[in-house]
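A short worksheet on the structure shown next.
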Amino acid sequence: MSNDKSNGAGFVDNLHAPEVFADAATGFFHFNGNIRITFESVRVDHSTSPGPVHRVVIGRLNMPVPAAEAFARGLLDFIEAQRAANSTPQAKATIQ
């Protein structure tokens, strides 16, 4: 989570905000100063057996370009930090 308070707005952590899982970011589109990202999830139609598998659009995210750039940089920084932390040799657990 970003701690950027440069715009002066307070932060409210909404515990009821929905969480969405996506298998992939399918498409990217730039229009009117916004980046639009389409997300997909693989779903199975169980009305028949075996059920056919479909790639289904589950949502779209629209962000102004500066916010999308900050999001992309922040995400890459986070992934790099996680990889570095996971590549550090860990001490073996001692079971007593």
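By convention in this document, the chains of the structure tokens carry letters A, B, ... by their order, each chain's residues are numbered from 1, and ligands are numbered from 1 in the order they are shown.
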For this session: Report the residues of region 14-68 of chain A whose backbone DSSP state falls under helix (DSSP H, G or I), written as a ChimeraX atom specification.
Result: /A:65-68
Dump of N, CA and C atoms for the selected residues, as a compact mmCIF listing (two decimals), in the first residue's frame:
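Final output, out-v4.txt:
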# COMPACT_ATOMS: atom_id res chain seq x y z
N VAL A 65 -3.19 8.19 -16.57
CA VAL A 65 -1.84 7.74 -16.92
C VAL A 65 -0.85 7.89 -15.76
N PRO A 66 -0.78 9.04 -15.08
CA PRO A 66 0.20 9.15 -13.97
C PRO A 66 -0.06 8.12 -12.87
N ALA A 67 -1.32 7.87 -12.55
CA ALA A 67 -1.63 6.87 -11.53
C ALA A 67 -1.28 5.47 -12.01
N ALA A 68 -1.52 5.17 -13.29
CA ALA A 68 -1.19 3.86 -13.84
C ALA A 68 0.32 3.64 -13.84
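Taking only C-alpha atoms, the non-local environment of region 42-53 of chain A within 10 Å (same-chain residues fewer than 4 positions away omitted) comprises Ala22, Asp23, Ala24, Val57 and Ile58 of chain A.
Interatomic distance, CA of Gly33 (chain A) to CA of Pro64 (chain A): 5.9 Å.
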For this session: To one decimal in Å, tell me the separation between CA of Arg36 (chain A) and CA of Gln82 (chain A).
Result: 26.6 Å
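Note that the spacing between CA of Glu40 (chain A) and CA of Gly59 (chain A) amounts to 7.2 Å.
Taking only C-alpha atoms into account, Asn32 (chain A) lies nearest to A:Met63 out of the set A:Met63, A:Leu76, A:Ala9, A:Val20.
The list of residues with at least one atom within 8 Å of Gly27 (chain A), based on only C-alpha atoms and without residues fewer than 6 positions apart in the same chain, reads A:Arg36, A:Ile37, A:Thr38, A:Phe39.
For the residues A:Ser41, A:Ser87, A:Ile79, A:Ala17, ranking by smallest atom-to-atom distance to Val56 (chain A) using only C-alpha atoms places A:Ser41 first.
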